[in-house]
Amino acid sequence: MKFYLTIFLSLCCGFLFSQEQNDNIFTLDAHLFYGSVVEHNSDIAHLITEHPTGLILSFNKKTYGFKDWESRFNYPDWGFSFIYQDMKNDILGENYSLYAHYNFYFLKRHLNLRLGQGIAYNSNPYDKEANFKNNAYGSHLLSTTYLMFNYKKEKLFKGFGLQAGISVIHYSNANIKAPNTSTNTFVFNVGANYMLDYENEPEYIPSTEDKKFKENIKYNVAFRTGINESDVIGVGQFPFYIVSGYADKRLNRKSAIQVGADVFFSKFLEELIYYYSVAFPELNVSGDEDWKRVGVFVGHELFINKMSIITQLGYYIYYPYDFEGRVYNRIGMKRYFGDNFFGAITLKSHGAKAEAVEFGIGVRL
């Protein structure tokens, strides 16, 4: 009898402990928004007519410090979003978007910054006959990013809460297909949130990490590729290849600085040089100019669990043909598989002028 009673009590205690340590807390939130398309380029002035409206729906996984990285970033949420946006312009149509996002908290968790990256479907892209005025979106599929800054209160009444704030929603196909002027929409948003299983929400676990962190210099090799097109509509889409080598040094558990070099093989540029040499002799383009480029860069990497965010600023040291200037920048996300291998999706641009979305793989040794 004592034997069975012991087993029964052990199971009960284990169940209660697991309930107390439950980190599977999820939230749902919904926003309505109203805003304006920002005229970042005079070429889209004819597309800014009325005020876009839409809906944002999100599913979030909360964190409480059960893993070291969670307390390191003040217990962020991660999750998925859906955005419907009516551009309020028949030429631009409507956008339907899916994102992966992080929510970061400040000021006793009342202020919330969300970073979302995803893919969108546009209902009415450029068509040379049916929709030639849409110089913002050259394809149905677009890359999209959104930033949301909210004042947020959870569990005002049981599991229900409210939030309100501002957001910026960006749509672009990153020159995968011309035209690609893109849009940025600044909006005001208001909404509600609900915490599932709110009665069993655990306490936040303080960090027990050693503040001291040291790591030797690491050496990285990356290969990136994709397709893109010049701004000349109809010239065609071509593949590009980028080989990168760089060293990075961790400053702490969150950050590393980078120094390295890129070699660019951009076939669209070869075609653009040939096109200008034939179609515009007044530009004095011979057609024999080298279309390859070499750049050096410095960068920063922010480590978030197995994900990281990279930002890089580069300068072409081999630049035989002038295209968009010598300075370039790159921003994107990496996903580590184990300690050494990673995949990456990055956007390479010259200032606000996108050149390509890059899909890459690499190794960090």
# chains A, B, ... in the order shown; residues from 1 in each chain; ligands from 1
>>> residues_around(residues="A:Gln312", least_positions_apart="5", cutoff="12 Å", atoms="only C-alpha atoms", output="mmCIF file with N, CA and C atoms, in the first residue's frame")
data_model
loop_
_atom_site.group_PDB
_atom_site.id
_atom_site.type_symbol
_atom_site.label_atom_id
_atom_site.label_comp_id
_atom_site.auth_asym_id
_atom_site.auth_seq_id
_atom_site.Cartn_x
_atom_site.Cartn_y
_atom_site.Cartn_z
ATOM 1 N N TYR A 246 34.793 36.388 -44.380
ATOM 2 C CA TYR A 246 34.946 37.421 -43.350
ATOM 3 C C TYR A 246 35.280 36.794 -42.003
ATOM 4 N N ALA A 256 28.440 40.539 -32.275
ATOM 5 C CA ALA A 256 29.758 40.324 -32.877
ATOM 6 C C ALA A 256 29.975 41.385 -33.947
ATOM 7 N N ILE A 257 31.232 41.765 -34.157
ATOM 8 C CA ILE A 257 31.579 42.664 -35.255
ATOM 9 C C ILE A 257 32.259 41.851 -36.352
ATOM 10 N N GLN A 258 32.140 42.322 -37.589
ATOM 11 C CA GLN A 258 32.632 41.571 -38.746
ATOM 12 C C GLN A 258 33.493 42.465 -39.634
ATOM 13 N N VAL A 259 34.461 41.856 -40.294
ATOM 14 C CA VAL A 259 35.264 42.512 -41.323
ATOM 15 C C VAL A 259 35.496 41.482 -42.423
ATOM 16 N N GLY A 260 35.225 41.854 -43.674
ATOM 17 C CA GLY A 260 35.391 40.865 -44.736
ATOM 18 C C GLY A 260 35.317 41.451 -46.129
ATOM 19 N N ALA A 261 35.139 40.558 -47.112
ATOM 20 C CA ALA A 261 35.116 40.951 -48.527
ATOM 21 C C ALA A 261 34.086 40.120 -49.286
ATOM 22 N N ASP A 262 33.529 40.725 -50.342
ATOM 23 C CA ASP A 262 32.569 40.072 -51.238
ATOM 24 C C ASP A 262 33.096 40.122 -52.662
ATOM 25 N N GLY A 295 34.035 43.987 -53.212
ATOM 26 C CA GLY A 295 33.814 44.946 -52.149
ATOM 27 C C GLY A 295 34.395 44.478 -50.830
ATOM 28 N N VAL A 296 34.688 45.419 -49.957
ATOM 29 C CA VAL A 296 35.082 45.126 -48.576
ATOM 30 C C VAL A 296 34.005 45.704 -47.672
ATOM 31 N N PHE A 297 33.798 45.093 -46.500
ATOM 32 C CA PHE A 297 32.713 45.552 -45.642
ATOM 33 C C PHE A 297 33.058 45.378 -44.167
ATOM 34 N N VAL A 298 32.336 46.137 -43.349
ATOM 35 C CA VAL A 298 32.310 45.940 -41.901
ATOM 36 C C VAL A 298 30.855 45.657 -41.537
ATOM 37 N N GLY A 299 30.660 44.912 -40.456
ATOM 38 C CA GLY A 299 29.297 44.548 -40.120
ATOM 39 C C GLY A 299 29.102 44.241 -38.649
ATOM 40 N N HIS A 300 27.859 43.970 -38.315
ATOM 41 C CA HIS A 300 27.462 43.622 -36.947
ATOM 42 C C HIS A 300 26.476 42.462 -37.019
ATOM 43 N N GLU A 301 26.572 41.547 -36.054
ATOM 44 C CA GLU A 301 25.645 40.425 -35.974
ATOM 45 C C GLU A 301 25.050 40.371 -34.575
ATOM 46 N N LEU A 302 23.722 40.346 -34.513
ATOM 47 C CA LEU A 302 22.995 40.267 -33.249
ATOM 48 C C LEU A 302 22.456 38.852 -33.108
ATOM 49 N N VAL A 327 29.169 52.596 -52.593
ATOM 50 C CA VAL A 327 28.778 52.152 -51.251
ATOM 51 C C VAL A 327 27.548 51.245 -51.344
ATOM 52 N N TYR A 328 27.590 50.130 -50.643
ATOM 53 C CA TYR A 328 26.438 49.225 -50.606
ATOM 54 C C TYR A 328 26.187 48.780 -49.172
ATOM 55 N N ASN A 329 25.001 48.277 -48.931
ATOM 56 C CA ASN A 329 24.646 47.797 -47.599
ATOM 57 C C ASN A 329 23.856 46.498 -47.708
ATOM 58 N N ARG A 330 23.881 45.744 -46.606
ATOM 59 C CA ARG A 330 23.194 44.446 -46.568
ATOM 60 C C ARG A 330 22.552 44.290 -45.192
ATOM 61 N N ILE A 331 21.319 43.803 -45.167
ATOM 62 C CA ILE A 331 20.640 43.505 -43.917
ATOM 63 C C ILE A 331 19.847 42.224 -44.102
ATOM 64 N N GLY A 332 19.779 41.422 -43.047
ATOM 65 C CA GLY A 332 19.040 40.177 -43.187
ATOM 66 C C GLY A 332 19.135 39.301 -41.959
ATOM 67 N N MET A 333 18.718 38.050 -42.129
ATOM 68 C CA MET A 333 18.651 37.109 -41.018
ATOM 69 C C MET A 333 19.423 35.839 -41.354
ATOM 70 N N THR A 346 19.126 37.658 -47.099
ATOM 71 C CA THR A 346 19.566 39.040 -46.913
ATOM 72 C C THR A 346 19.120 39.899 -48.084
ATOM 73 N N LEU A 347 19.045 41.188 -47.829
ATOM 74 C CA LEU A 347 18.726 42.170 -48.856
ATOM 75 C C LEU A 347 19.949 43.044 -49.074
ATOM 76 N N LYS A 348 20.433 43.059 -50.317
ATOM 77 C CA LYS A 348 21.561 43.923 -50.666
ATOM 78 C C LYS A 348 21.021 45.132 -51.416
ATOM 79 N N SER A 349 21.489 46.321 -51.022
ATOM 80 C CA SER A 349 20.990 47.539 -51.643
ATOM 81 C C SER A 349 22.079 48.604 -51.670
ATOM 82 N N HIS A 350 21.776 49.679 -52.368
ATOM 83 C CA HIS A 350 22.616 50.875 -52.380
ATOM 84 C C HIS A 350 21.762 51.986 -51.785
ATOM 85 N N GLY A 351 21.965 52.262 -50.489
ATOM 86 C CA GLY A 351 21.057 53.156 -49.784
ATOM 87 C C GLY A 351 19.686 52.519 -49.724
#
>>> select_by_dssp(residues="stretch 204-235 of chain A", states="strand (DSSP E)", output="list in words")
Lys218, Tyr219, Asn220, Val221, Ala222, Phe223, Arg224, Thr225, Gly226, Ile227 and Asn228 of chain A
>>> write_last_selection(atoms="N, CA, C and O atoms", output="compact mmCIF listing (two decimals), in the first residue's frame")
# COMPACT_ATOMS: atom_id res chain seq x y z
N LYS A 218 36.31 34.05 -35.21
CA LYS A 218 35.76 33.02 -36.08
C LYS A 218 35.89 33.46 -37.53
O LYS A 218 35.78 34.65 -37.85
N TYR A 219 36.09 32.48 -38.41
CA TYR A 219 36.25 32.75 -39.84
C TYR A 219 35.06 32.14 -40.59
O TYR A 219 34.69 30.98 -40.36
N ASN A 220 34.46 32.96 -41.46
CA ASN A 220 33.23 32.58 -42.16
C ASN A 220 33.43 32.58 -43.67
O ASN A 220 34.11 33.46 -44.22
N VAL A 221 32.82 31.62 -44.33
CA VAL A 221 32.73 31.59 -45.78
C VAL A 221 31.27 31.42 -46.14
O VAL A 221 30.57 30.56 -45.57
N ALA A 222 30.75 32.26 -47.05
CA ALA A 222 29.35 32.21 -47.43
C ALA A 222 29.21 32.27 -48.95
O ALA A 222 30.01 32.93 -49.63
N PHE A 223 28.20 31.58 -49.44
CA PHE A 223 27.85 31.62 -50.87
C PHE A 223 26.39 32.05 -50.97
O PHE A 223 25.51 31.47 -50.33
N ARG A 224 26.13 33.09 -51.77
CA ARG A 224 24.78 33.62 -51.93
C ARG A 224 24.40 33.62 -53.40
O ARG A 224 25.25 33.82 -54.28
N THR A 225 23.10 33.45 -53.65
CA THR A 225 22.64 33.44 -55.04
C THR A 225 21.18 33.88 -55.09
O THR A 225 20.52 34.07 -54.06
N GLY A 226 20.67 34.03 -56.30
CA GLY A 226 19.29 34.42 -56.54
C GLY A 226 19.15 34.90 -57.96
O GLY A 226 20.05 34.70 -58.80
N ILE A 227 18.02 35.54 -58.26
CA ILE A 227 17.82 36.15 -59.58
C ILE A 227 17.37 37.60 -59.38
O ILE A 227 16.73 37.92 -58.38
N ASN A 228 17.72 38.44 -60.34
CA ASN A 228 17.25 39.82 -60.30
C ASN A 228 17.24 40.40 -61.70
O ASN A 228 17.66 39.75 -62.68
>>> residues_around(residues="A:Leu162", least_positions_apart="5", cutoff="9 Å", atoms="only C-alpha atoms", output="PyMOL selection string")
chain A and resi 29+151-156+190-194
>>> write_last_selection(atoms="N, CA, C and O atoms", output="CSV table (one decimal), in the first residue's frame")
chain,number,residue,atom,x,y,z
A,29,ASP,N,-3.4,38.2,-30.9
A,29,ASP,CA,-3.8,39.7,-31.0
A,29,ASP,C,-4.3,40.1,-32.4
A,29,ASP,O,-3.9,39.4,-33.4
A,151,TYR,N,2.0,50.6,-27.3
A,151,TYR,CA,1.8,50.6,-25.8
A,151,TYR,C,0.8,49.5,-25.6
A,151,TYR,O,-0.3,49.5,-26.1
A,152,LYS,N,1.2,48.5,-24.7
A,152,LYS,CA,0.4,47.3,-24.6
A,152,LYS,C,0.1,47.0,-23.1
A,152,LYS,O,1.0,47.1,-22.3
A,153,LYS,N,-1.1,46.6,-22.9
A,153,LYS,CA,-1.5,46.1,-21.5
A,153,LYS,C,-2.1,44.7,-21.7
A,153,LYS,O,-3.1,44.6,-22.4
A,154,GLU,N,-1.6,43.7,-21.0
A,154,GLU,CA,-2.1,42.4,-21.0
A,154,GLU,C,-3.0,42.1,-19.8
A,154,GLU,O,-2.8,42.7,-18.7
A,155,LYS,N,-3.9,41.2,-19.9
A,155,LYS,CA,-4.7,40.7,-18.8
A,155,LYS,C,-5.4,41.8,-18.0
A,155,LYS,O,-5.4,41.8,-16.8
A,156,LEU,N,-6.0,42.8,-18.8
A,156,LEU,CA,-6.8,43.8,-18.1
A,156,LEU,C,-8.1,43.2,-17.5
A,156,LEU,O,-8.5,43.6,-16.4
A,190,VAL,N,-4.7,50.0,-33.7
A,190,VAL,CA,-5.3,49.8,-32.4
A,190,VAL,C,-5.9,48.4,-32.3
A,190,VAL,O,-6.4,47.9,-33.4
A,191,GLY,N,-5.8,47.7,-31.2
A,191,GLY,CA,-6.3,46.3,-31.2
A,191,GLY,C,-6.4,45.7,-29.8
A,191,GLY,O,-6.3,46.4,-28.8
A,192,ALA,N,-6.7,44.4,-29.7
A,192,ALA,CA,-6.8,43.7,-28.5
A,192,ALA,C,-6.0,42.5,-28.5
A,192,ALA,O,-5.6,42.0,-29.6
A,193,ASN,N,-5.7,41.9,-27.3
A,193,ASN,CA,-4.9,40.7,-27.2
A,193,ASN,C,-5.6,39.8,-26.2
A,193,ASN,O,-6.3,40.2,-25.3
A,194,TYR,N,-5.3,38.5,-26.3
A,194,TYR,CA,-5.8,37.5,-25.4
A,194,TYR,C,-4.7,36.5,-25.1
A,194,TYR,O,-4.1,35.9,-26.0
>>> residues_around(residues="A:Lys306", least_positions_apart="4", cutoff="8 Å", atoms="only C-alpha atoms", output="list in words")
Arg335, Tyr336 and Phe337 of chain A
>>> residues_around(residues="A:Tyr105", least_positions_apart="2", cutoff="12 Å", atoms="only C-alpha atoms", output="list in words")
Lys62, Thr63, Glu70, Ser71, Arg72, Phe73, Asn74, Tyr75, Pro76, Asp77, Trp78, Tyr102, Asn103, Leu107, Lys108, Arg109, His110, Leu111, Asn112, Leu113, Arg114, Leu115, Met148, Phe149, Asn150, Tyr151, Lys152 and Lys153 of chain A
>>> residues_around(residues="A:Tyr316", least_positions_apart="2", cutoff="6 Å", atoms="only C-alpha atoms", output="ChimeraX atom specification")
/A:294-295,318-319,326
>>> closest_residue(among="A:Gly35, A:Gly287, A:Gly116, A:Pro239", to="A:Ser266", atoms="only C-alpha atoms")
A:Pro239
>>> atom_distance(atom1="atom CA of A:Phe80", atom2="atom CA of A:Ala100")
4.6 Å
>>> residues_around(residues="A:Leu32", least_positions_apart="4", cutoff="6 Å", atoms="only C-alpha atoms", output="list in words")
Gly54, Leu55, Asn189 and Val190 of chain A
>>> write_last_selection(atoms="C-alpha atoms", output="PDB file, in the first residue's frame")
ATOM      1  CA  GLY A  54      -6.129  46.885 -43.080  1.00  0.00           C
ATOM      2  CA  LEU A  55      -5.963  44.183 -40.464  1.00  0.00           C
ATOM      3  CA  ASN A 189      -3.045  50.731 -35.261  1.00  0.00           C
ATOM      4  CA  VAL A 190      -5.309  49.760 -32.359  1.00  0.00           C
TER       5      VAL A 190
END
>>> closest_residue(among="A:Pro179, A:Pro281, A:Gly314, A:Pro206", to="A:Ser230", atoms="only C-alpha atoms")
A:Pro179
>>> select_by_dssp(residues="stretch 251-284 of chain A", states="alpha helix (DSSP H)", output="list in words")
Lys267, Phe268, Leu269, Glu270, Glu271, Leu272, Ile273, Tyr274, Tyr275, Tyr276, Ser277, Val278 and Ala279 of chain A
>>> write_last_selection(atoms="N, CA and C atoms", output="tab-separated table (two decimals), in the first residue's frame")
chain	number	residue	atom	x	y	z
A	267	LYS	N	24.95	38.76	-63.37
A	267	LYS	CA	24.73	38.63	-64.81
A	267	LYS	C	23.80	39.72	-65.35
A	268	PHE	N	22.90	40.24	-64.50
A	268	PHE	CA	22.02	41.31	-64.97
A	268	PHE	C	22.84	42.54	-65.38
A	269	LEU	N	23.94	42.77	-64.67
A	269	LEU	CA	24.78	43.93	-64.96
A	269	LEU	C	25.49	43.75	-66.30
A	270	GLU	N	25.90	42.52	-66.60
A	270	GLU	CA	26.50	42.24	-67.91
A	270	GLU	C	25.50	42.55	-69.02
A	271	GLU	N	24.24	42.14	-68.82
A	271	GLU	CA	23.21	42.39	-69.83
A	271	GLU	C	22.89	43.88	-69.93
A	272	LEU	N	22.88	44.58	-68.78
A	272	LEU	CA	22.58	46.01	-68.79
A	272	LEU	C	23.66	46.78	-69.54
A	273	ILE	N	24.92	46.41	-69.34
A	273	ILE	CA	26.02	47.06	-70.06
A	273	ILE	C	25.87	46.86	-71.57
A	274	TYR	N	25.55	45.64	-71.96
A	274	TYR	CA	25.35	45.36	-73.40
A	274	TYR	C	24.17	46.17	-73.95
A	275	TYR	N	23.08	46.25	-73.17
A	275	TYR	CA	21.89	46.98	-73.62
A	275	TYR	C	22.21	48.46	-73.83
A	276	TYR	N	22.90	49.08	-72.88
A	276	TYR	CA	23.23	50.49	-73.01
A	276	TYR	C	24.18	50.74	-74.18
A	277	SER	N	25.10	49.79	-74.41
A	277	SER	CA	26.05	49.98	-75.51
A	277	SER	C	25.35	49.96	-76.86
A	278	VAL	N	24.25	49.22	-76.98
A	278	VAL	CA	23.52	49.12	-78.25
A	278	VAL	C	22.44	50.20	-78.37
A	279	ALA	N	21.67	50.39	-77.27
A	279	ALA	CA	20.49	51.26	-77.35
A	279	ALA	C	20.79	52.74	-77.10
>>> atom_distance(atom1="atom CA of A:Phe323", atom2="atom CA of A:Ala354")
12.2 Å
>>> closest_residue(among="A:Glu215, A:Glu94, A:Asp322, A:Asp197", to="A:Thr53", atoms="only C-alpha atoms")
A:Glu94
>>> decode(residues="stretch 24-53 of chain A", atoms="N, CA, C and O atoms", output="CSV table (one decimal), in the first residue's frame")
chain,number,residue,atom,x,y,z
A,24,ASN,N,4.6,26.9,-22.1
A,24,ASN,CA,3.8,26.9,-23.3
A,24,ASN,C,2.6,27.9,-23.2
A,24,ASN,O,1.4,27.5,-23.1
A,25,ILE,N,2.9,29.2,-23.1
A,25,ILE,CA,1.9,30.2,-23.0
A,25,ILE,C,1.9,31.0,-24.3
A,25,ILE,O,2.9,31.5,-24.8
A,26,PHE,N,0.7,31.1,-24.9
A,26,PHE,CA,0.5,31.7,-26.2
A,26,PHE,C,-0.5,32.8,-26.1
A,26,PHE,O,-1.4,32.8,-25.2
A,27,THR,N,-0.3,33.8,-27.0
A,27,THR,CA,-1.3,34.9,-27.0
A,27,THR,C,-1.7,35.1,-28.5
A,27,THR,O,-1.0,34.8,-29.4
A,28,LEU,N,-2.9,35.7,-28.6
A,28,LEU,CA,-3.5,36.1,-29.9
A,28,LEU,C,-3.7,37.6,-29.8
A,28,LEU,O,-4.1,38.1,-28.8
A,29,ASP,N,-3.4,38.2,-30.9
A,29,ASP,CA,-3.8,39.7,-31.0
A,29,ASP,C,-4.3,40.1,-32.4
A,29,ASP,O,-3.9,39.4,-33.4
A,30,ALA,N,-5.1,41.1,-32.4
A,30,ALA,CA,-5.6,41.6,-33.6
A,30,ALA,C,-5.6,43.1,-33.6
A,30,ALA,O,-5.9,43.8,-32.6
A,31,HIS,N,-5.2,43.7,-34.8
A,31,HIS,CA,-5.2,45.2,-34.9
A,31,HIS,C,-6.0,45.6,-36.2
A,31,HIS,O,-5.9,44.9,-37.2
A,32,LEU,N,-6.6,46.7,-36.1
A,32,LEU,CA,-7.1,47.5,-37.3
A,32,LEU,C,-6.1,48.7,-37.5
A,32,LEU,O,-5.6,49.2,-36.5
A,33,PHE,N,-5.9,49.0,-38.7
A,33,PHE,CA,-5.0,50.2,-38.9
A,33,PHE,C,-5.5,51.1,-40.1
A,33,PHE,O,-6.3,50.7,-40.9
A,34,TYR,N,-5.0,52.3,-40.0
A,34,TYR,CA,-5.3,53.4,-41.0
A,34,TYR,C,-4.1,54.2,-41.2
A,34,TYR,O,-3.5,54.6,-40.2
A,35,GLY,N,-3.7,54.5,-42.4
A,35,GLY,CA,-2.5,55.3,-42.6
A,35,GLY,C,-2.3,55.9,-43.9
A,35,GLY,O,-3.3,56.1,-44.7
A,36,SER,N,-1.1,56.2,-44.3
A,36,SER,CA,-0.8,56.8,-45.5
A,36,SER,C,0.5,56.2,-46.2
A,36,SER,O,1.4,55.8,-45.4
A,37,VAL,N,0.5,56.2,-47.5
A,37,VAL,CA,1.7,55.7,-48.2
A,37,VAL,C,2.7,56.9,-48.2
A,37,VAL,O,2.3,58.0,-48.6
A,38,VAL,N,3.9,56.7,-47.8
A,38,VAL,CA,5.0,57.7,-47.7
A,38,VAL,C,5.6,57.9,-49.1
A,38,VAL,O,6.0,56.9,-49.8
A,39,GLU,N,5.7,59.1,-49.6
A,39,GLU,CA,6.3,59.4,-50.9
A,39,GLU,C,7.8,59.4,-50.8
A,39,GLU,O,8.5,60.5,-50.7
A,40,HIS,N,8.4,58.2,-50.7
A,40,HIS,CA,9.9,58.1,-50.6
A,40,HIS,C,10.5,58.3,-52.0
A,40,HIS,O,11.7,58.5,-52.0
A,41,ASN,N,9.7,58.3,-53.0
A,41,ASN,CA,10.2,58.4,-54.4
A,41,ASN,C,9.2,59.1,-55.2
A,41,ASN,O,8.0,58.7,-55.2
A,42,SER,N,9.5,60.2,-55.9
A,42,SER,CA,8.5,61.0,-56.6
A,42,SER,C,7.9,60.2,-57.8
A,42,SER,O,6.8,60.5,-58.2
A,43,ASP,N,8.5,59.0,-58.1
A,43,ASP,CA,7.9,58.2,-59.2
A,43,ASP,C,6.6,57.5,-58.8
A,43,ASP,O,5.9,57.0,-59.7
A,44,ILE,N,6.3,57.5,-57.5
A,44,ILE,CA,5.1,56.8,-57.1
A,44,ILE,C,4.0,57.9,-56.6
A,44,ILE,O,3.0,57.5,-56.1
A,45,ALA,N,4.3,59.2,-56.9
A,45,ALA,CA,3.3,60.2,-56.5
A,45,ALA,C,1.9,60.0,-57.0
A,45,ALA,O,0.9,60.2,-56.3
A,46,HIS,N,1.8,59.5,-58.3
A,46,HIS,CA,0.5,59.3,-58.9
A,46,HIS,C,-0.2,58.1,-58.2
A,46,HIS,O,-1.4,57.9,-58.4
A,47,LEU,N,0.5,57.3,-57.4
A,47,LEU,CA,-0.2,56.1,-56.7
A,47,LEU,C,-0.7,56.5,-55.3
A,47,LEU,O,-1.4,55.6,-54.7
A,48,ILE,N,-0.3,57.6,-54.8
A,48,ILE,CA,-0.7,58.0,-53.5
A,48,ILE,C,-2.0,58.8,-53.6
A,48,ILE,O,-2.0,60.0,-53.9
A,49,THR,N,-3.1,58.2,-53.3
A,49,THR,CA,-4.4,58.8,-53.5
A,49,THR,C,-5.2,58.9,-52.1
A,49,THR,O,-5.3,59.9,-51.5
A,50,GLU,N,-5.7,57.8,-51.7
A,50,GLU,CA,-6.4,57.7,-50.4
A,50,GLU,C,-5.6,57.1,-49.3
A,50,GLU,O,-4.4,56.8,-49.5
A,51,HIS,N,-6.2,56.9,-48.1
A,51,HIS,CA,-5.5,56.3,-47.0
A,51,HIS,C,-5.7,54.8,-46.9
A,51,HIS,O,-6.8,54.4,-46.7
A,52,PRO,N,-4.6,54.0,-47.0
A,52,PRO,CA,-4.8,52.6,-46.8
A,52,PRO,C,-5.3,52.1,-45.5
A,52,PRO,O,-5.1,52.8,-44.4
A,53,THR,N,-6.1,51.0,-45.5
A,53,THR,CA,-6.6,50.5,-44.2
A,53,THR,C,-6.3,49.0,-44.3
A,53,THR,O,-5.9,48.4,-45.3
